[in-house]
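Pasting entry-v9.txt here (compact mmCIF, C-alpha atoms and all ligand atoms):
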# COMPACT_ATOMS: atom_id res chain seq x y z
CA MET A 1109 -50.01 37.56 9.85
CA LYS A 1110 -46.74 36.08 8.66
CA ILE A 1111 -46.18 32.35 8.35
CA GLY A 1112 -43.32 30.07 7.30
CA ILE A 1113 -43.19 26.75 5.49
CA LEU A 1114 -40.45 24.12 5.60
CA THR A 1115 -39.89 20.60 4.31
CA SER A 1116 -37.98 18.21 6.56
CA GLY A 1117 -36.76 14.60 6.76
CA GLY A 1118 -36.95 12.40 3.66
CA ASP A 1119 -38.23 14.05 0.49
CA ALA A 1120 -41.41 12.91 -1.23
CA PRO A 1121 -43.07 13.81 -4.54
CA GLY A 1122 -45.84 16.31 -3.83
CA MET A 1123 -43.89 18.35 -1.27
CA ASN A 1124 -43.69 21.15 -3.84
CA SER A 1125 -47.45 20.94 -4.31
CA VAL A 1126 -47.85 21.49 -0.54
CA VAL A 1127 -45.43 24.45 -0.60
CA ARG A 1128 -47.45 26.02 -3.39
CA ALA A 1129 -50.80 25.39 -1.66
CA VAL A 1130 -49.59 26.85 1.65
CA CYS A 1131 -48.09 29.90 -0.03
CA ARG A 1132 -51.10 30.66 -2.22
CA SER A 1133 -53.64 29.99 0.58
CA ALA A 1134 -51.76 32.34 2.89
CA LEU A 1135 -51.42 35.06 0.24
CA ASN A 1136 -55.14 34.72 -0.46
CA LYS A 1137 -55.78 35.54 3.22
CA GLY A 1138 -53.49 38.57 3.06
CA MET A 1139 -50.67 36.90 5.01
CA GLU A 1140 -46.96 37.22 4.34
CA VAL A 1141 -45.13 33.96 3.62
CA VAL A 1142 -41.50 32.88 3.96
CA GLY A 1143 -39.92 29.67 2.72
CA ILE A 1144 -37.53 28.18 5.29
CA MET A 1145 -34.63 26.38 3.59
CA ARG A 1146 -33.35 22.87 4.40
CA GLY A 1147 -35.76 21.94 7.16
CA TYR A 1148 -35.09 23.18 10.68
CA ASN A 1149 -31.56 24.24 9.61
CA GLY A 1150 -33.07 27.29 7.90
CA LEU A 1151 -34.75 28.35 11.12
CA LEU A 1152 -31.49 28.11 13.06
CA ASN A 1153 -29.35 30.01 10.56
CA GLY A 1154 -31.97 32.43 9.23
CA ASP A 1155 -31.89 30.95 5.74
CA VAL A 1156 -35.33 32.00 4.52
CA ILE A 1157 -36.81 33.48 1.36
CA ASN A 1158 -39.77 35.80 0.99
CA MET A 1159 -42.40 34.15 -1.17
CA ASP A 1160 -44.92 35.70 -3.50
CA ALA A 1161 -47.38 34.10 -5.90
CA MET A 1162 -44.72 33.75 -8.60
CA THR A 1163 -42.19 32.04 -6.29
CA VAL A 1164 -44.38 28.95 -6.38
CA SER A 1165 -45.44 29.23 -10.00
CA GLY A 1166 -44.79 26.07 -12.04
CA ILE A 1167 -43.84 23.86 -9.10
CA ILE A 1168 -47.07 21.93 -8.50
CA GLN A 1169 -45.90 19.27 -10.98
CA ARG A 1170 -42.26 19.09 -9.93
CA GLY A 1171 -40.83 16.25 -7.82
CA GLY A 1172 -38.50 16.93 -4.89
CA THR A 1173 -38.77 20.12 -2.84
CA CYS A 1174 -37.76 23.60 -3.93
CA LEU A 1175 -37.12 24.47 -0.26
CA TYR A 1176 -34.65 21.54 -0.03
CA THR A 1177 -34.89 19.15 2.89
CA ALA A 1178 -32.38 18.06 5.49
CA ARG A 1179 -31.97 16.51 8.87
CA CYS A 1180 -30.93 18.89 11.65
CA ASN A 1181 -29.38 17.43 14.79
CA GLU A 1182 -29.07 20.77 16.58
CA PHE A 1183 -32.87 21.03 16.60
CA ARG A 1184 -33.17 17.77 18.53
CA ASN A 1185 -32.14 19.44 21.78
CA ILE A 1186 -33.91 22.19 23.68
CA GLU A 1187 -31.18 24.79 23.10
CA GLY A 1188 -31.68 24.40 19.35
CA VAL A 1189 -35.46 24.70 19.68
CA LYS A 1190 -35.10 27.86 21.82
CA LYS A 1191 -32.73 29.41 19.30
CA ALA A 1192 -35.23 28.63 16.52
CA LYS A 1193 -37.99 30.24 18.58
CA GLU A 1194 -35.92 33.43 19.01
CA ASN A 1195 -35.31 33.56 15.27
CA CYS A 1196 -39.05 33.12 14.62
CA VAL A 1197 -39.79 36.06 16.95
CA LYS A 1198 -37.12 38.19 15.19
CA MET A 1199 -38.65 37.35 11.81
CA GLY A 1200 -42.16 38.03 13.12
CA LEU A 1201 -43.40 34.52 12.30
CA ASP A 1202 -46.87 33.73 13.68
CA GLY A 1203 -46.77 30.08 12.70
CA ILE A 1204 -45.04 27.41 10.63
CA VAL A 1205 -46.20 24.57 8.42
CA VAL A 1206 -43.86 21.56 8.65
CA VAL A 1207 -44.02 18.96 5.88
CA GLY A 1208 -42.33 15.69 6.86
CA GLY A 1209 -42.63 12.56 8.94
CA ASP A 1210 -42.85 11.64 12.62
CA GLY A 1211 -39.39 13.07 13.45
CA SER A 1212 -40.29 16.40 11.90
CA PHE A 1213 -43.57 16.42 13.85
CA ARG A 1214 -41.66 15.92 17.14
CA GLY A 1215 -39.71 19.06 16.28
CA ALA A 1216 -42.98 20.85 15.45
CA ALA A 1217 -44.40 19.86 18.86
CA ASP A 1218 -41.28 21.21 20.61
CA LEU A 1219 -41.47 24.51 18.77
CA SER A 1220 -45.22 24.78 19.42
CA ALA A 1221 -44.48 24.30 23.14
CA GLN A 1222 -42.16 27.33 22.90
CA GLY A 1223 -45.07 29.44 21.67
CA ILE A 1224 -44.68 29.22 17.89
CA PRO A 1225 -47.76 27.42 16.52
CA CYS A 1226 -46.72 24.65 14.12
CA ILE A 1227 -48.89 22.45 11.90
CA GLY A 1228 -47.54 19.16 10.53
CA ILE A 1229 -48.43 17.82 7.09
CA PRO A 1230 -47.54 14.15 6.45
CA GLY A 1231 -45.09 13.89 3.56
CA THR A 1232 -43.47 10.50 3.01
CA ILE A 1233 -43.70 7.88 0.29
CA ASP A 1234 -44.03 5.05 2.84
CA ASN A 1235 -47.55 5.95 4.10
CA ASP A 1236 -46.30 4.93 7.56
CA ILE A 1237 -47.72 7.86 9.53
CA SER A 1238 -50.36 6.44 11.83
CA CYS A 1239 -52.67 9.42 12.25
CA THR A 1240 -53.53 9.62 8.56
CA ASP A 1241 -54.89 7.20 5.99
CA TYR A 1242 -52.73 8.83 3.35
CA THR A 1243 -49.35 10.59 3.14
CA ILE A 1244 -48.15 12.90 0.36
CA GLY A 1245 -45.91 11.03 -2.10
CA TYR A 1246 -47.35 7.55 -1.54
CA ASP A 1247 -49.39 7.34 -4.73
CA THR A 1248 -46.60 8.70 -6.92
CA ALA A 1249 -44.05 6.26 -5.46
CA MET A 1250 -46.37 3.28 -5.97
CA ASN A 1251 -47.11 4.27 -9.56
CA THR A 1252 -43.37 4.55 -10.21
CA CYS A 1253 -42.90 1.02 -8.80
CA VAL A 1254 -45.65 -0.34 -11.04
CA GLN A 1255 -44.15 1.29 -14.15
CA MET A 1256 -40.68 -0.08 -13.32
CA ILE A 1257 -41.93 -3.58 -12.49
CA ASP A 1258 -44.01 -3.75 -15.69
CA LYS A 1259 -40.73 -3.21 -17.58
CA ILE A 1260 -38.90 -5.80 -15.45
CA CYS A 1261 -41.77 -8.20 -16.10
CA ASP A 1262 -41.24 -7.92 -19.89
CA THR A 1263 -37.68 -9.17 -19.58
CA ALA A 1264 -38.55 -11.76 -16.89
CA ALA A 1265 -41.23 -13.17 -19.22
CA SER A 1266 -38.84 -13.32 -22.17
CA HIS A 1267 -36.35 -15.38 -20.17
CA ASP A 1268 -38.70 -17.58 -18.08
CA ARG A 1269 -37.36 -15.93 -14.95
CA CYS A 1270 -38.48 -14.94 -11.51
CA SER A 1271 -37.80 -11.28 -10.65
CA VAL A 1272 -37.53 -10.44 -6.99
CA VAL A 1273 -38.09 -6.69 -6.67
CA GLU A 1274 -37.26 -4.72 -3.54
CA VAL A 1275 -39.43 -1.65 -3.01
CA MET A 1276 -39.05 1.06 -0.36
CA GLY A 1277 -40.51 0.86 3.11
CA ARG A 1278 -37.98 0.62 5.93
CA LYS A 1279 -40.57 0.02 8.62
CA ALA A 1280 -43.77 -0.55 6.66
CA GLY A 1281 -44.97 -2.76 3.84
CA TYR A 1282 -47.82 -0.60 2.52
CA ILE A 1283 -46.02 0.16 -0.75
CA ALA A 1284 -45.05 -3.51 -1.10
CA ILE A 1285 -48.51 -5.03 -0.67
CA ASN A 1286 -50.29 -2.54 -2.94
CA VAL A 1287 -47.63 -2.79 -5.64
CA ALA A 1288 -47.62 -6.60 -5.38
CA VAL A 1289 -51.35 -6.68 -6.07
CA ALA A 1290 -51.04 -4.15 -8.90
CA VAL A 1291 -48.35 -6.13 -10.78
CA GLY A 1292 -49.87 -9.58 -10.18
CA ALA A 1293 -46.96 -10.73 -8.03
CA VAL A 1294 -46.91 -14.35 -6.88
CA ALA A 1295 -45.85 -13.28 -3.39
CA CYS A 1296 -45.27 -10.23 -1.21
CA ILE A 1297 -42.73 -10.36 1.59
CA THR A 1298 -43.04 -7.68 4.29
CA LEU A 1299 -42.11 -7.21 7.93
CA GLU A 1300 -45.75 -7.30 9.02
CA LYS A 1301 -46.38 -10.88 7.89
CA GLU A 1302 -44.56 -14.13 8.48
CA TYR A 1303 -43.42 -15.75 5.28
CA ASP A 1304 -42.37 -19.22 4.28
CA LEU A 1305 -40.10 -19.48 1.23
CA ASP A 1306 -40.82 -23.22 0.94
CA GLU A 1307 -44.54 -22.43 0.59
CA ILE A 1308 -43.89 -19.72 -2.00
CA ALA A 1309 -41.62 -22.10 -3.96
CA LYS A 1310 -44.27 -24.86 -3.80
CA LYS A 1311 -46.86 -22.50 -5.22
CA MET A 1312 -44.49 -21.45 -8.00
CA ILE A 1313 -43.75 -25.07 -8.94
CA GLU A 1314 -47.51 -25.82 -9.10
CA SER A 1315 -48.13 -22.71 -11.23
CA LYS A 1316 -45.28 -23.71 -13.51
CA ALA A 1317 -46.88 -27.15 -13.96
CA HIS A 1318 -50.04 -25.30 -15.11
CA GLY A 1319 -48.08 -23.32 -17.68
CA LYS A 1320 -46.89 -20.18 -15.86
CA THR A 1321 -43.44 -19.26 -17.08
CA HIS A 1322 -42.39 -16.15 -15.15
CA PHE A 1323 -42.91 -14.71 -11.71
CA ILE A 1324 -42.63 -11.48 -9.74
CA ILE A 1325 -42.02 -11.42 -6.00
CA VAL A 1326 -42.20 -8.04 -4.24
CA VAL A 1327 -40.07 -7.58 -1.13
CA SER A 1328 -40.25 -4.64 1.25
CA GLU A 1329 -36.90 -2.92 1.93
CA GLY A 1330 -37.20 -3.40 5.70
CA VAL A 1331 -37.03 -7.19 5.37
CA GLY A 1332 -33.37 -6.73 4.38
CA LYS A 1333 -32.90 -10.13 2.72
CA THR A 1334 -33.61 -9.58 -0.95
CA GLU A 1335 -30.48 -11.36 -2.24
CA TYR A 1336 -30.99 -14.29 0.12
CA ILE A 1337 -34.65 -14.63 -0.86
CA THR A 1338 -33.73 -14.55 -4.56
CA LYS A 1339 -31.09 -17.27 -4.24
CA THR A 1340 -33.31 -19.46 -2.07
CA ILE A 1341 -36.25 -19.20 -4.48
CA GLN A 1342 -33.95 -20.14 -7.37
CA ASP A 1343 -32.55 -23.13 -5.45
CA LEU A 1344 -36.00 -24.36 -4.38
CA THR A 1345 -37.80 -23.91 -7.71
CA GLY A 1346 -35.09 -24.25 -10.33
CA VAL A 1347 -36.45 -21.02 -11.89
CA GLU A 1348 -33.65 -18.60 -12.70
CA SER A 1349 -34.16 -15.69 -10.30
CA ARG A 1350 -32.81 -12.13 -10.32
CA ALA A 1351 -33.00 -9.40 -7.71
CA THR A 1352 -33.71 -5.75 -8.52
CA VAL A 1353 -33.59 -2.98 -5.93
CA LEU A 1354 -35.66 -0.07 -7.22
CA GLY A 1355 -34.05 2.43 -4.83
CA HIS A 1356 -34.29 6.20 -5.07
CA VAL A 1357 -36.17 6.24 -8.37
CA GLN A 1358 -39.22 5.76 -6.13
CA ARG A 1359 -38.69 9.11 -4.42
CA GLY A 1360 -38.59 11.22 -7.58
CA GLY A 1361 -40.82 12.22 -10.45
CA ALA A 1362 -43.84 14.38 -11.04
CA PRO A 1363 -46.51 13.89 -8.37
CA THR A 1364 -49.68 12.11 -9.48
CA LEU A 1365 -53.10 13.76 -9.50
CA ARG A 1366 -53.89 12.11 -6.16
CA ASP A 1367 -50.77 13.55 -4.53
CA ARG A 1368 -51.31 17.03 -5.97
CA VAL A 1369 -54.92 17.20 -4.83
CA ALA A 1370 -54.13 15.78 -1.37
CA ALA A 1371 -51.24 18.24 -1.01
CA THR A 1372 -53.44 21.16 -1.96
CA LYS A 1373 -56.22 20.16 0.46
CA LEU A 1374 -53.82 19.70 3.38
CA GLY A 1375 -51.86 22.87 2.61
CA TYR A 1376 -55.05 24.94 2.52
CA TYR A 1377 -56.33 23.37 5.74
CA ALA A 1378 -53.03 23.94 7.58
CA VAL A 1379 -53.15 27.65 6.79
CA GLU A 1380 -56.72 27.84 8.06
CA LEU A 1381 -55.54 26.38 11.39
CA LEU A 1382 -52.66 28.86 11.66
CA GLU A 1383 -55.03 31.71 10.84
CA LYS A 1384 -57.04 30.72 13.93
CA GLY A 1385 -53.85 30.69 16.02
CA VAL A 1386 -54.00 26.91 16.39
CA GLY A 1387 -50.70 25.00 16.67
CA ASN A 1388 -49.30 21.65 17.76
CA ARG A 1389 -51.53 19.74 15.32
CA VAL A 1390 -50.98 17.33 12.43
CA CYS A 1391 -53.48 17.36 9.61
CA GLY A 1392 -54.26 14.30 7.56
CA PHE A 1393 -57.07 12.19 6.12
CA LYS A 1394 -59.53 10.09 8.05
CA GLN A 1395 -62.03 8.13 5.94
CA GLY A 1396 -61.40 10.49 3.06
CA GLU A 1397 -61.98 13.69 5.02
CA VAL A 1398 -59.31 16.19 6.07
CA TYR A 1399 -58.99 16.46 9.85
CA ASP A 1400 -56.43 17.48 12.48
CA VAL A 1401 -55.12 15.89 15.64
CA ASP A 1402 -52.77 16.82 18.52
CA ILE A 1403 -49.16 15.99 17.57
CA MET A 1404 -48.40 13.82 20.62
CA GLU A 1405 -51.66 11.93 20.15
CA ALA A 1406 -50.77 11.47 16.47
CA LEU A 1407 -47.36 10.05 17.38
CA SER A 1408 -48.87 7.52 19.80
CA MET A 1409 -51.33 6.08 17.27
CA LYS A 1410 -50.91 2.67 15.63
CA LYS A 1411 -51.77 1.94 12.01
CA PRO A 1412 -53.04 -1.49 11.03
CA PHE A 1413 -51.52 -3.41 8.11
CA GLU A 1414 -53.61 -4.18 5.03
CA ASP A 1415 -54.37 -7.76 6.05
CA GLU A 1416 -57.39 -8.06 3.78
CA LEU A 1417 -55.41 -7.01 0.70
CA TYR A 1418 -52.65 -9.44 1.70
CA ASP A 1419 -55.20 -12.29 1.76
CA ILE A 1420 -56.62 -11.25 -1.59
CA LEU A 1421 -53.11 -11.29 -3.11
CA TYR A 1422 -52.58 -14.90 -2.09
CA LYS A 1423 -56.05 -15.91 -3.28
CA THR A 1424 -55.55 -14.39 -6.73
CA ALA A 1425 -51.86 -14.80 -7.52
CA PHE A 1426 -51.01 -18.22 -8.91
P1 LIG B 1 -38.93 12.34 9.34
O1 LIG B 1 -39.55 13.67 9.63
O2 LIG B 1 -39.05 11.95 7.90
O3 LIG B 1 -39.40 11.27 10.32
P2 LIG B 1 -36.39 12.54 10.79
O4 LIG B 1 -36.74 11.55 11.84
O5 LIG B 1 -35.01 12.48 10.21
O6 LIG B 1 -37.36 12.48 9.52
O7 LIG B 1 -36.62 13.99 11.41
C1 LIG B 1 -36.41 15.16 10.65
C2 LIG B 1 -35.89 16.26 11.53
O8 LIG B 1 -36.86 16.55 12.55
C3 LIG B 1 -34.62 15.93 12.31
O9 LIG B 1 -33.45 16.11 11.57
C4 LIG B 1 -34.70 16.94 13.44
O10 LIG B 1 -34.31 18.23 13.01
C5 LIG B 1 -36.20 16.96 13.73
N1 LIG B 1 -36.48 16.03 14.83
C6 LIG B 1 -36.54 14.69 14.79
N2 LIG B 1 -36.80 14.16 16.01
C7 LIG B 1 -36.88 15.21 16.85
C8 LIG B 1 -37.13 15.36 18.25
N3 LIG B 1 -37.35 14.29 19.04
N4 LIG B 1 -37.16 16.61 18.78
C9 LIG B 1 -36.95 17.69 18.01
N5 LIG B 1 -36.71 17.62 16.67
C10 LIG B 1 -36.67 16.42 16.10
Step by step, read the file and then write its structure as structure tokens.
Amino acid sequence: MKIGILTSGGDAPGMNSVVRAVCRSALNKGMEVVGIMRGYNGLLNGDVINMDAMTVSGIIQRGGTCLYTARCNEFRNIEGVKKAKENCVKMGLDGIVVVGGDGSFRGAADLSAQGIPCIGIPGTIDNDISCTDYTIGYDTAMNTCVQMIDKICDTAASHDRCSVVEVMGRKAGYIAINVAVAVGAVACITLEKEYDLDEIAKKMIESKAHGKTHFIIVVSEGVGKTEYITKTIQDLTGVESRATVLGHVQRGGAPTLRDRVAATKLGYYAVELLEKGVGNRVCGFKQGEVYDVDIMEALSMKKPFEDELYDILYKTAF
């Protein structure tokens, strides 16, 4: 058998660990492996590399993706998908592992429907893929946030300030709520929950009366009002407030142990599915166990927010 691997959509730490796991698992089964460059673009223009054990040596700990990642508009229409299928047939590919998010999985479903079995592996720092409890890159990104905010906290404490820190998460506040708890933030503002700046300010004024001198507020990127929130909090509390947008630092860095192990489990499992000729599936984690699900079913699922953790934050942060 001969299989391909590609990384698509936004990059996430741990993608390299998946590439390594897929390559080594396939080689272990006697398969040939090719790396497809820059997402679906590589399939359309034949930009692929033959991989052996040494191609993926020393990458398990490297952030980013050695296969590069990109968006590919041509692949969004059926002509593009058919052209990709023809190229797969020419290359003798029996299946492809696609590491990415929901958009990448839609492409994988389209290509599977054309007869090339594809398996999706969730790779995104936001953890916003509904069919899985965990996505590759999430733990690394959150640990980066915590390290950065600990540093911001040192300077906020020295100046009696409030730091309002924007973390990533365009459509989901999972990073925000977990990071808020981990840094002892006084509040977490996300799209999933209504917020009241007057209430937050009241709480800060009470805490200040009890001796608290500095504050952290974590805001999820998708809220889109970090500067406004910062100014309003300053006006309402009289505490000098500064905004920090952590930005792309959250997407880089060496993957944590959790991301490397998760990547290796999912990569191994995906190859096992392809070996059986199975396609059109996403693999992920359900209650700690690796499992797989039909791509369309995966895309229709809904993921609950961490309401319990949100309550705990407000009951412990003052
Ligand atoms: P993510 O995978 O992180 O959600 P995107 O939504 O940008 O990122 O999707 C990545 C790539 O997947 C797109 O550039 C495109 O090549 C492919 N893709 C996205 N949506 C579709 C679709 N509906 N049909 C086919 N391919 C798609």
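Between atom CA of A:Thr1115 and atom CA of A:Asp1155 there is a distance of 13.2 Å.
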Give me the residues of chain A that have any atom at most 6 Å from an atom of ligand LIG 1 (chain B); for each, the nearest atom pair and the distance in Å, rounded to one decimal. Use only C-alpha atoms and all ligand atoms, sort by chain and number, and format it as CSV.
residue,atom,partner,partner_atom,distance
A:Ser1116,CA,B:LIG1,C1,5.3
A:Gly1117,CA,B:LIG1,O6,3.5
A:Gly1118,CA,B:LIG1,O2,4.8
A:Tyr1148,CA,B:LIG1,O10,5.5
A:Arg1179,CA,B:LIG1,O9,3.1
A:Cys1180,CA,B:LIG1,O10,3.7
A:Asn1181,CA,B:LIG1,O10,5.3
A:Phe1183,CA,B:LIG1,O10,4.8
A:Arg1184,CA,B:LIG1,C9,3.8
A:Gly1208,CA,B:LIG1,O1,4.4
A:Gly1209,CA,B:LIG1,O1,3.3
A:Asp1210,CA,B:LIG1,O3,4.2
A:Gly1211,CA,B:LIG1,O4,3.5
A:Ser1212,CA,B:LIG1,O8,3.5
A:Arg1214,CA,B:LIG1,C8,4.7
A:Gly1215,CA,B:LIG1,N5,3.4
> If you measure from atom CA of A:Ala1351 to atom CA of A:Ala1295, what distance in Å do you get, rounded to one decimal?
Replying inline: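 About the pair atom CA of A:Ala1351 and atom CA of A:Ala1295: they are 14.1 Å apart.
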>> Ranking A:Glu1335, A:Ala1371, A:Glu1397, A:Asp1218 by minimum distance to A:Ile1168 and counting all atoms listed in the file, which one comes first?
In response: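 Residue with the minimum atom-to-atom distance to A:Ile1168: A:Ala1371.
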>> I need the residue nearest A:Glu1194 from this list: A:Ser1315, A:Thr1248, A:Thr1364, A:Gln1222. Use all atoms listed in the file for the distance.
In response: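 Among the listed residues, A:Gln1222 lies closest to A:Glu1194.
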> Which polymer residues have any atom within 12 Å of an atom of A:Ala1192, counting only C-alpha atoms, with same-chain residues fewer than 2 positions away left out, as a ChimeraX atom specification?
Replying inline: /A:1144,1147-1155,1180,1182-1190,1194-1199,1201,1204,1215-1216,1218-1220,1222-1224
> Could you name the residues that touch stretch 1123-1127 of chain A at 10 Å or less, counting only C-alpha atoms, but leaving out those on the same chain fewer than 5 positions away, as number ranges by chain?
Replying inline: A: 1112-1116, 1132-1133, 1143, 1164, 1166-1177, 1205-1208, 1229-1232, 1244-1245, 1362-1363, 1367-1376, 1378
How big is the axis-aligned box around the listed atoms of stretch 1225-1244 of chain A once 3 Å is added on each side, and where is its centre? Give both in Å to one decimal, as lines of an AutoDock Vina configuration file.
center_x = -49.2
center_y = 16.2
center_z = 8.4
size_x = 17.4
size_y = 28.5
size_z = 22.2
> Which residue, A:Gly1319, A:Gly1281, A:Gly1392, A:Gly1387, has the smallest gap to A:Ile1111 when you use all atoms listed in the file?
Replying inline: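 Of the candidates, the smallest distance to A:Ile1111 is held by A:Gly1387.
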>> Given the point (-40.5, -9.8, 10.4) in the coordinates of this file, which residues lie within 12 Å, counting only C-alpha atoms, and how would they look as a list in words?
In response: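 Neighbouring residues, ordered by chain and number, come to Arg1278, Lys1279, Ala1280, Gly1281, Ile1297, Thr1298, Leu1299, Glu1300, Lys1301, Glu1302, Tyr1303, Asp1304, Val1327, Ser1328, Glu1329, Gly1330, Val1331, Gly1332 and Lys1333 of chain A.
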